[in-house]
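Contents: one structure, followed by commentary.
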Amino acid sequence: MQIFLADKVISIYDDVEMYVPTFDLALQQTLKGADSFLYEYIYPDIGKAYDRGPLMAPVDQRESPHHAQELAYLLGQHAGTFTEKDHQIKYLYSQFFVNFINHGSPASPNQTWHPLDPEKKNYFVINFPDPDLKSPGETNGYHSKAVEFWDYIIPKIAGPKTPIVNESQLPYDPIPTKNENNLALISQPVINGTGIEKIGENKKTDTVFQELIG
């Protein structure tokens, strides 16, 4: 499923691939007694400072930010042509990591940044608006709807998980059928009566789109 929002396409897979695992990892470390600091980078105007690669068009603002784009500032990955503002952003952004390495916290004298509170789901919003380039700072509710959906609602519906630790737990025979020359054949797996044979019978795929206006 994809949601079209204005000119942007946001994949629902972003939640399960990026945002929810990020929160879960920070939460696990917090529950173990460590300080975890969540942030979200939302700066949309990287422009020519990010270079896609040879013969590729510059980044359109409508595509920004996207995953790992900020590494042009932090590590020089896909770094393009920097303006004076880009050099300032490079310093400001990298300073968060320098502070964390040196002091155990990305906070600075000018901006507070507290460790994760599991109840608040607090995180730091990183952006560089004109004229002072100062990030908006802390807020609460890090992707709270996605976290609730994937960490609480879906597991409740799906029921308890049974980790697969050996092949006998599989609903089909993982060993492929072989011919007289002992060569593996591409064939249907041996079914153990679990209903897995029904998978794939319905070739129709329903894709749901929701257009959000205003």
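By convention here, the chains of the structure tokens are called A, B, ... in the order presented, each chain's residues are numbered starting at 1, and ligands are numbered starting at 1 in the order presented.
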What are the closest atom pairs, with distances in Å to one decimal, for all residues of range 14-84 of chain A lying within 12 Å of range 123-143 of chain A? Consider only C-alpha atoms, order rows by chain and residue number, and present the result as CSV.
residue,atom,partner,partner_atom,distance
A:Asp14,CA,A:His143,CA,11.0
A:Asp15,CA,A:His143,CA,8.3
A:Val16,CA,A:His143,CA,11.2
A:Met18,CA,A:His143,CA,10.6
A:Tyr19,CA,A:His143,CA,6.9
A:Val20,CA,A:His143,CA,7.5
A:Pro21,CA,A:His143,CA,11.0
A:Thr22,CA,A:Tyr142,CA,10.0
A:Phe23,CA,A:Tyr142,CA,7.6
A:Asp24,CA,A:Tyr142,CA,11.0
A:Ala26,CA,A:Tyr123,CA,10.7
A:Leu27,CA,A:Tyr142,CA,11.5
A:Ser36,CA,A:Tyr123,CA,9.8
A:Phe37,CA,A:Tyr123,CA,6.9
A:Leu38,CA,A:Tyr123,CA,4.7
A:Tyr39,CA,A:Phe124,CA,4.4
A:Glu40,CA,A:Val125,CA,5.1
A:Tyr41,CA,A:Ile126,CA,4.7
A:Ile42,CA,A:Asn127,CA,5.6
A:Tyr43,CA,A:Asn127,CA,4.6
A:Pro44,CA,A:Asn127,CA,8.2
A:Asp45,CA,A:Phe128,CA,8.9
A:Ile46,CA,A:Phe128,CA,10.1
A:Ser64,CA,A:Asn127,CA,12.0
A:Pro65,CA,A:Asn127,CA,10.4
A:Glu70,CA,A:Ile126,CA,10.4
Selection file, C-alpha atoms, as a JSON list (two decimals), in the first residue's frame:
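And here's selection_4.json as it stands now:
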[["chain", "number", "residue", "atom", "x", "y", "z"],
["A", 14, "ASP", "CA", 9.28, 2.87, 5.53],
["A", 15, "ASP", "CA", 7.65, 2.24, 8.90],
["A", 16, "VAL", "CA", 8.70, -1.41, 9.21],
["A", 18, "MET", "CA", 13.23, 2.33, 9.18],
["A", 19, "TYR", "CA", 11.18, 4.10, 11.80],
["A", 20, "VAL", "CA", 9.79, 1.33, 14.00],
["A", 21, "PRO", "CA", 13.07, -0.68, 14.16],
["A", 22, "THR", "CA", 14.92, 2.55, 15.00],
["A", 23, "PHE", "CA", 12.57, 3.25, 17.89],
["A", 24, "ASP", "CA", 12.65, -0.38, 19.06],
["A", 26, "ALA", "CA", 16.58, 2.83, 21.10],
["A", 27, "LEU", "CA", 13.94, 1.48, 23.47],
["A", 36, "SER", "CA", 19.60, 6.58, 23.72],
["A", 37, "PHE", "CA", 19.07, 9.69, 21.64],
["A", 38, "LEU", "CA", 16.55, 9.66, 18.81],
["A", 39, "TYR", "CA", 16.47, 12.22, 16.03],
["A", 40, "GLU", "CA", 14.79, 12.83, 12.71],
["A", 41, "TYR", "CA", 16.51, 14.71, 9.91],
["A", 42, "ILE", "CA", 13.98, 16.70, 7.88],
["A", 43, "TYR", "CA", 16.09, 19.28, 6.00],
["A", 44, "PRO", "CA", 14.66, 19.45, 2.43],
["A", 45, "ASP", "CA", 17.04, 21.87, 0.68],
["A", 46, "ILE", "CA", 20.26, 19.93, 0.19],
["A", 64, "SER", "CA", 14.10, 15.41, -0.02],
["A", 65, "PRO", "CA", 15.01, 14.37, 2.48],
["A", 70, "GLU", "CA", 22.39, 13.66, 5.14]]
Proximity to Gln29 in chain A - best of A:Ala72, A:Asp117, A:Ile154, A:Pro160, only C-alpha atoms: A:Asp117
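Counting from CA of Pro115 in chain A, the distance to CA of Val98 in chain A is 16.4 Å.
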Those of range 4-168 of chain A in DSSP strand (DSSP E), formatted as a VMD selection string: chain A and resid 4 to 5 8 to 11 39 to 41 123 to 126 137 to 139
Now that the selection is made, can you save its residues with C-alpha atoms as a short mmCIF file (atom, residue, chain, number, x, y, z; two decimals), in the first residue's frame?
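As written to disk, part23.cif reads:
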data_model
loop_
_atom_site.label_atom_id
_atom_site.label_comp_id
_atom_site.auth_asym_id
_atom_site.auth_seq_id
_atom_site.Cartn_x
_atom_site.Cartn_y
_atom_site.Cartn_z
CA PHE A 4 0.05 9.77 -1.96
CA LEU A 5 0.53 12.97 0.00
CA LYS A 8 5.31 12.91 -2.32
CA VAL A 9 4.87 9.15 -2.21
CA ILE A 10 5.36 7.62 1.22
CA SER A 11 5.70 3.84 1.32
CA TYR A 39 16.47 12.22 16.03
CA GLU A 40 14.79 12.83 12.71
CA TYR A 41 16.51 14.71 9.91
CA TYR A 123 13.19 12.87 19.75
CA PHE A 124 15.17 15.74 18.27
CA VAL A 125 14.12 17.32 14.98
CA ILE A 126 17.09 18.34 12.83
CA GLY A 137 14.85 20.73 18.69
CA GLU A 138 12.99 18.30 20.91
CA THR A 139 9.43 17.11 20.51
#
Just want the 7 Å neighbourhood of Ala49 in chain A, counted on only C-alpha atoms, with same-chain residues fewer than 3 positions away dropped. Output as a PDB file with N, CA and C atoms, in the first residue's frame.
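Written file, selection.pdb:
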ATOM      1  N   ILE A  46      18.860  20.282   0.420  1.00  0.00           N
ATOM      2  CA  ILE A  46      20.261  19.928   0.192  1.00  0.00           C
ATOM      3  C   ILE A  46      20.698  20.238  -1.238  1.00  0.00           C
ATOM      4  N   ALA A  79      28.737  13.551  -1.792  1.00  0.00           N
ATOM      5  CA  ALA A  79      28.874  15.005  -1.648  1.00  0.00           C
ATOM      6  C   ALA A  79      29.000  15.656  -3.018  1.00  0.00           C
ATOM      7  N   GLY A  80      28.254  16.736  -3.206  1.00  0.00           N
ATOM      8  CA  GLY A  80      28.284  17.464  -4.468  1.00  0.00           C
ATOM      9  C   GLY A  80      28.971  18.807  -4.308  1.00  0.00           C
ATOM     10  N   THR A  81      28.327  19.836  -4.831  1.00  0.00           N
ATOM     11  CA  THR A  81      28.873  21.188  -4.766  1.00  0.00           C
ATOM     12  C   THR A  81      28.283  21.914  -3.562  1.00  0.00           C
ATOM     13  N   PHE A  82      29.137  22.256  -2.614  1.00  0.00           N
ATOM     14  CA  PHE A  82      28.686  22.897  -1.387  1.00  0.00           C
ATOM     15  C   PHE A  82      28.687  24.421  -1.530  1.00  0.00           C
ATOM     16  N   ASP A  86      25.906  25.271   2.969  1.00  0.00           N
ATOM     17  CA  ASP A  86      26.137  23.828   3.115  1.00  0.00           C
ATOM     18  C   ASP A  86      27.321  23.552   4.035  1.00  0.00           C
TER      19      ASP A  86
END
Contacts of Gly47 in chain A at 8 Å (only C-alpha atoms; same-chain gap of 2+ positions) as JSON, numbers by chain: {"A": [45, 49, 50, 58, 59, 60, 61]}
Quick one: write out the picked residues with N, CA and C atoms as a CSV table (one decimal), in the first residue's frame?
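Saved the output as part30.csv:
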chain,number,residue,atom,x,y,z
A,45,ASP,N,16.4,21.0,1.7
A,45,ASP,CA,17.0,21.9,0.7
A,45,ASP,C,18.5,21.5,0.4
A,49,ALA,N,24.3,20.0,-3.2
A,49,ALA,CA,25.2,19.5,-2.2
A,49,ALA,C,25.2,18.0,-2.2
A,50,TYR,N,24.1,17.4,-2.7
A,50,TYR,CA,24.0,15.9,-2.8
A,50,TYR,C,24.1,15.5,-4.3
A,58,PRO,N,20.0,16.3,-10.7
A,58,PRO,CA,20.1,16.8,-9.4
A,58,PRO,C,18.9,16.4,-8.6
A,59,VAL,N,19.0,16.4,-7.3
A,59,VAL,CA,17.9,16.1,-6.4
A,59,VAL,C,16.8,17.2,-6.5
A,60,ASP,N,15.6,16.7,-6.7
A,60,ASP,CA,14.4,17.7,-6.6
A,60,ASP,C,14.0,17.8,-5.2
A,61,GLN,N,13.6,19.0,-4.8
A,61,GLN,CA,13.3,19.3,-3.4
A,61,GLN,C,12.1,18.4,-2.9
Which of range 19-65 of chain A DSSP labels alpha helix (DSSP H), written as a ChimeraX atom specification: /A:20-31
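Atom pair CA of His78 in chain A / CA of Asp51 in chain A has a distance of 5.0 Å (rounded to one decimal).
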